[in-house]
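Colleague: Take this structure, written in structure tokens, and hold onto it; I'll ask about it next.
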Amino acid sequence: MTAIPSFTGDANPYGGGDPYADYRTADFPFTQYADLADRRLGAGVIAANDEFFAQRENLLVPEPAEFDPEHFGHKGKIMDGWETRRRRGACADHPWPTAEDHDWALVRLGAPGVIRGIVVDTAHFRGNYPQAVSVEGTCVPGSPSPEELLGDDVKWTTLVPRTAVGGHAANGFAVAAEQCFTHLRVNQHPDGGIARLRVHGEVVPDPVWLEALGTFDVVALENGGRAEDASNLFYSPASNTIQPGRSRKMDDGWETRRRRDRGHDWIRYRLAAQAQIRALEIDTAYLKGNSAGWASVSLRDGEDGEWREILPRTRLQPDTNHRFVLPAPAVGTHARVDIFPDGGISRLRLFGSLTPEGASRLAARHQELGG
């Protein structure tokens with residue numbers, strides 16, 4: 001496992017120019033996994049004990065935090081993140097907060113899942129970031145209220161123990177808890193501001209729900225699909241192609257750099273479980289001058305299975321949703337889309353249903369992870 005870089009201490013005061021010029025970050029190994037706290041999946045910050053200076057909802061904004069040195073409001077400097085007021089002690093003789101004092105926010109994940117890593121980003125919080133952070137997780141089915149989540153009967157598991165963090169930095173933490181979580185409690189000690197929160201992991205779908213649906217998109221992120229690898233991620237992540245809904249702008253899909261050789265680009269996916277696929281969609285929404293020219297789709301059954309083409313190389317149109325009904329159902333656990341020669345697609349949909357073997361394995365994993 002690659003060591004996780006640690007950033008502590010203040011960043012330098014903003015000196016003008018590019019506000020990210022002295023930003024501290026690293027390539028964390030767990031960012032290959034999708035963000036379970038993505039708003040597109042339905043994640044939300046459902047409560048916080050304090051948001052005096054900046055709203056809690058900013059934590060999950062997908063874009064990097066922005067900084068305007070001249071942006072002030074009636075309460076003070078307006079920051080693009082979640083920021084609480086300064087804590088104070090009980091009296092003049094003890095003006096400092098106690099060791100237990102902290103602020104918190106409750107985050108509902110967009111989909112239940114196993115968490116592989118968390119990034120607590122303090123971008124632009126240079127002298128007003130928390131001294132330390134901690135993160136806890138719980139698994140509560142349904143749609144619990146904040147009051148229910150804070151009840152004494154809810155068991156919370158420590159995912160990130162109280163750890164010192166740095167200002168104006170991406171503070172990354174690997175998580176080793178092999179269980180399913182639906183909600184997080186993010187704590188900052190004793191107070192301060194956090195710009196963004198990213199929760200990388202694997203979706204663990206509810207097998208009862210998928211069985212009730214019958215036919216569904218077996219590669220969709222929200223149903224447990226995953227983009228495992230891709231030939232090129234220059235402009236955008238491959239996991240965009242299995243996000244919910246249609247793409248709403250060009251960077252909401254997958255786009256590669258321009259090729260100057262005779263090769264082609266591809267994405268490999270893991271399906272929710274072994275499934276029988278009957279139809280598929282390839283969408284190039286908002287990709288107009290940079291859509292892939294042609295695409296093919298292949299399946300394989302098992303990690304060592306051979307790839308079988310279920311959609312031969314087919315011409316794609318820009319900014320268009322292409323639908324295909326297969327002449328016969330095809331069974332597999334993994335899929336691959338190949339695009340020729342480069343460019344991008346915005347979404348891939350594979351419609352089908354789980355095989356008895358796939359449903360059995362999915363149910364066993366769900367039970368094992370405490371979902």
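Letters for chains follow the order of the structure tokens (A, B, ...), residue numbers begin at 1 for each chain, and ligand numbers begin at 1 in the order shown.
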Using DSSP on the backbone, list every residue of range 74-164 of chain A that comes out as strand (DSSP E), and give them as an NGL selection string.

Modeller: :A and (76-77 or 82-83 or 103-121 or 132-138 or 157-164)

Colleague: Quick one: which range 141-230 of chain A residues come within 10 Å of range 244-251 of chain A, and what is the nearest atom pair for each with the distance in Å to one decimal, counting only C-alpha atoms, rows ordered by chain and ascending number, as CSV?

Modeller:
```
residue,atom,partner,partner_atom,distance
A:Ala220,CA,A:Pro244,CA,7.2
A:Leu221,CA,A:Pro244,CA,7.5
A:Glu222,CA,A:Pro244,CA,7.2
A:Asn223,CA,A:Pro244,CA,9.9
```

Colleague: Could the residues in this selection be saved with N, CA, C and O atoms as a compact mmCIF listing (two decimals), in the first residue's frame?

Modeller:
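The resulting file, part.txt, is reproduced below:
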```
# COMPACT_ATOMS: atom_id res chain seq x y z
N ALA A 220 -24.45 0.40 -14.06
CA ALA A 220 -24.62 1.71 -13.42
C ALA A 220 -23.92 1.74 -12.07
O ALA A 220 -23.97 0.78 -11.29
N LEU A 221 -23.29 2.86 -11.78
CA LEU A 221 -22.59 3.02 -10.51
C LEU A 221 -23.53 2.82 -9.33
O LEU A 221 -23.20 2.15 -8.35
N GLU A 222 -24.72 3.38 -9.39
CA GLU A 222 -25.66 3.29 -8.27
C GLU A 222 -26.16 1.87 -8.06
O GLU A 222 -26.66 1.54 -6.98
N ASN A 223 -26.00 0.98 -9.06
CA ASN A 223 -26.42 -0.41 -8.93
C ASN A 223 -25.25 -1.35 -8.64
O ASN A 223 -25.43 -2.57 -8.62
```

Colleague: List as a PyMOL selection string the protein and nucleic acid residues near Ala295 in chain A, meaning an atom at most 6 Å away when only C-alpha atoms are counted, but skip any in the same chain fewer than 6 places from it.

Modeller: chain A and resi 313-314+338-339

Colleague: Please write the residues from the selection above to a file, keeping C-alpha atoms, as a short mmCIF file (atom, residue, chain, number, x, y, z; two decimals), in the first residue's frame.

Modeller:
```cif
data_model
loop_
_atom_site.label_atom_id
_atom_site.label_comp_id
_atom_site.auth_asym_id
_atom_site.auth_seq_id
_atom_site.Cartn_x
_atom_site.Cartn_y
_atom_site.Cartn_z
CA ARG A 313 -17.73 -1.62 -34.29
CA THR A 314 -20.54 0.86 -34.97
CA ASP A 338 -13.72 0.34 -27.23
CA ILE A 339 -13.82 3.67 -29.03
#
```

Colleague: Which of these residues is nearest to Asn321 in chain A, using only C-alpha atoms: A:Leu184, A:Ala364, A:Ala335, A:Ile282?

Modeller: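 Counting only C-alpha atoms, the residue closest to Asn321 in chain A is A:Ile282.
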
Colleague: Of the candidates A:Leu316, A:Leu311, A:Leu348, A:Val140, which shows the shortest atom-to-atom distance to Arg268 in chain A, using only C-alpha atoms?

Modeller: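 Nearest candidate to Arg268 in chain A out of A:Leu316, A:Leu311, A:Leu348, A:Val140: A:Leu348.
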
Colleague: For range 299-307 of chain A, work out the shell of residues within 10 Å, counting only C-alpha atoms and skipping chain neighbours fewer than 2 positions away, then give it as a VMD selection string.

Modeller: chain A and resid 268 to 271 273 to 275 277 297 309 to 311 330 to 337

Colleague: Those same residues, written as a CSV table (one decimal), in the first residue's frame with N, CA, C and O atoms?

Modeller:
```
chain,number,residue,atom,x,y,z
A,268,ARG,N,-12.7,-0.5,-19.2
A,268,ARG,CA,-13.2,-1.8,-18.7
A,268,ARG,C,-14.0,-1.7,-17.5
A,268,ARG,O,-13.6,-0.9,-16.6
A,269,TYR,N,-15.1,-2.4,-17.4
A,269,TYR,CA,-16.1,-2.3,-16.3
A,269,TYR,C,-16.3,-3.6,-15.6
A,269,TYR,O,-16.1,-4.7,-16.2
A,270,ARG,N,-16.6,-3.5,-14.3
A,270,ARG,CA,-17.1,-4.7,-13.6
A,270,ARG,C,-18.6,-4.5,-13.4
A,270,ARG,O,-19.0,-3.4,-12.9
A,271,LEU,N,-19.4,-5.5,-13.7
A,271,LEU,CA,-20.8,-5.3,-13.6
A,271,LEU,C,-21.2,-5.5,-12.1
A,271,LEU,O,-20.4,-6.0,-11.3
A,273,ALA,N,-23.0,-7.8,-10.8
A,273,ALA,CA,-22.7,-9.2,-10.6
A,273,ALA,C,-22.9,-9.9,-12.0
A,273,ALA,O,-23.2,-9.2,-13.0
A,274,GLN,N,-22.8,-11.2,-12.0
A,274,GLN,CA,-23.1,-11.9,-13.3
A,274,GLN,C,-24.5,-11.6,-13.8
A,274,GLN,O,-25.4,-11.7,-13.0
A,275,ALA,N,-24.6,-11.1,-15.0
A,275,ALA,CA,-25.9,-10.7,-15.5
A,275,ALA,C,-26.1,-11.1,-17.0
A,275,ALA,O,-25.2,-11.4,-17.7
A,277,ILE,N,-27.5,-9.7,-20.3
A,277,ILE,CA,-27.7,-8.4,-21.0
A,277,ILE,C,-28.5,-8.5,-22.2
A,277,ILE,O,-28.2,-9.4,-23.1
A,297,VAL,N,-18.7,-3.0,-28.1
A,297,VAL,CA,-18.9,-3.4,-26.7
A,297,VAL,C,-18.6,-4.9,-26.7
A,297,VAL,O,-19.1,-5.7,-27.5
A,309,GLU,N,-17.5,-10.1,-28.4
A,309,GLU,CA,-18.1,-8.9,-28.9
A,309,GLU,C,-19.6,-9.1,-28.9
A,309,GLU,O,-20.1,-10.0,-29.6
A,310,ILE,N,-20.4,-8.1,-28.3
A,310,ILE,CA,-21.8,-8.2,-28.3
A,310,ILE,C,-22.4,-7.0,-29.2
A,310,ILE,O,-23.5,-7.1,-29.7
A,311,LEU,N,-21.5,-6.0,-29.4
A,311,LEU,CA,-21.9,-4.9,-30.4
A,311,LEU,C,-20.6,-4.7,-31.3
A,311,LEU,O,-19.6,-4.3,-30.8
A,330,ALA,N,-26.8,-11.9,-23.7
A,330,ALA,CA,-25.4,-12.2,-23.5
A,330,ALA,C,-25.1,-12.2,-22.0
A,330,ALA,O,-25.5,-11.3,-21.3
A,331,VAL,N,-24.4,-13.2,-21.5
A,331,VAL,CA,-24.1,-13.3,-20.1
A,331,VAL,C,-22.6,-12.9,-19.8
A,331,VAL,O,-21.7,-13.3,-20.6
A,332,GLY,N,-22.4,-12.2,-18.7
A,332,GLY,CA,-21.0,-11.8,-18.4
A,332,GLY,C,-21.0,-11.1,-17.0
A,332,GLY,O,-22.0,-10.8,-16.4
A,333,THR,N,-19.7,-10.9,-16.5
A,333,THR,CA,-19.5,-10.3,-15.3
A,333,THR,C,-18.7,-8.9,-15.5
A,333,THR,O,-18.6,-8.1,-14.6
A,334,HIS,N,-18.1,-8.8,-16.7
A,334,HIS,CA,-17.3,-7.6,-17.0
A,334,HIS,C,-17.6,-7.2,-18.4
A,334,HIS,O,-18.1,-8.0,-19.3
A,335,ALA,N,-17.5,-5.9,-18.7
A,335,ALA,CA,-17.8,-5.3,-20.0
A,335,ALA,C,-16.6,-4.4,-20.4
A,335,ALA,O,-15.9,-3.9,-19.5
A,336,ARG,N,-16.5,-4.2,-21.7
A,336,ARG,CA,-15.5,-3.3,-22.2
A,336,ARG,C,-16.1,-2.5,-23.4
A,336,ARG,O,-16.7,-3.1,-24.3
A,337,VAL,N,-15.9,-1.2,-23.4
A,337,VAL,CA,-16.3,-0.4,-24.5
A,337,VAL,C,-15.0,0.1,-25.2
A,337,VAL,O,-14.1,0.6,-24.5
```

Colleague: Please identify all polymer residues within 9 Å of range 172-182 of chain A, counting only C-alpha atoms, omitting same-chain residues fewer than 2 positions from it, and present them as a PyMOL selection string.

Modeller: chain A and resi 4-7+25-26+28-30+107-121+137-141+157-160+170+184+203-204+366+368-371

Colleague: Near Phe340 in chain A, within 8 Å and counting only C-alpha atoms, which residues show up once chain neighbours fewer than 4 positions away are dropped, as a PyMOL selection string?

Modeller: chain A and resi 263-265+292-295

Colleague: How would the residues just picked look written out with C-alpha atoms as a JSON list (two decimals), in the first residue's frame?

Modeller:
```
[["chain", "number", "residue", "atom", "x", "y", "z"],
["A", 263, "GLY", "CA", -4.31, 2.80, -31.60],
["A", 264, "HIS", "CA", -7.67, 3.29, -29.91],
["A", 265, "ASP", "CA", -9.09, 3.96, -26.43],
["A", 292, "ALA", "CA", -15.77, 8.94, -30.59],
["A", 293, "GLY", "CA", -16.07, 8.02, -34.26],
["A", 294, "TRP", "CA", -16.96, 4.36, -33.71],
["A", 295, "ALA", "CA", -17.51, 2.08, -30.73]]
```

Colleague: Would you list the contacts of range 47-51 of chain A as JSON, numbers by chain, taking every protein, DNA or RNA residue within 8 Å and counting only C-alpha atoms, but skipping same-chain residues closer than 4 positions in sequence?

Modeller: {"A": [55, 56, 82, 83, 84, 85, 103, 104, 105, 106, 107, 146]}

Colleague: Can you work out which one of A:Gly343, A:Pro190, A:Gly201, A:Pro19 has the shortest atom-to-atom distance to Ser134 in chain A, counting only C-alpha atoms?

Modeller: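 Closest to Ser134 in chain A of all the choices is A:Pro190.
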
Colleague: Please indicate the distance in Å from CA of Gln243 in chain A to CA of Tyr20 in chain A, rounded to one decimal place.

Modeller: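 Atom-to-atom, CA of Gln243 in chain A and CA of Tyr20 in chain A are spaced 28.3 Å apart.
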
Colleague: For the atom pair CA of Gln367 in chain A and CA of Asp217 in chain A, what is the interatomic distance in Å to one decimal place?

Modeller: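 If I compute the distance from CA of Gln367 in chain A to CA of Asp217 in chain A, I get 22.1 Å.
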
Colleague: So how many Å separate CA of Thr284 in chain A and CA of Leu210 in chain A, to one decimal?

Modeller: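 Rounded to one decimal, the two atoms are 26.9 Å apart.
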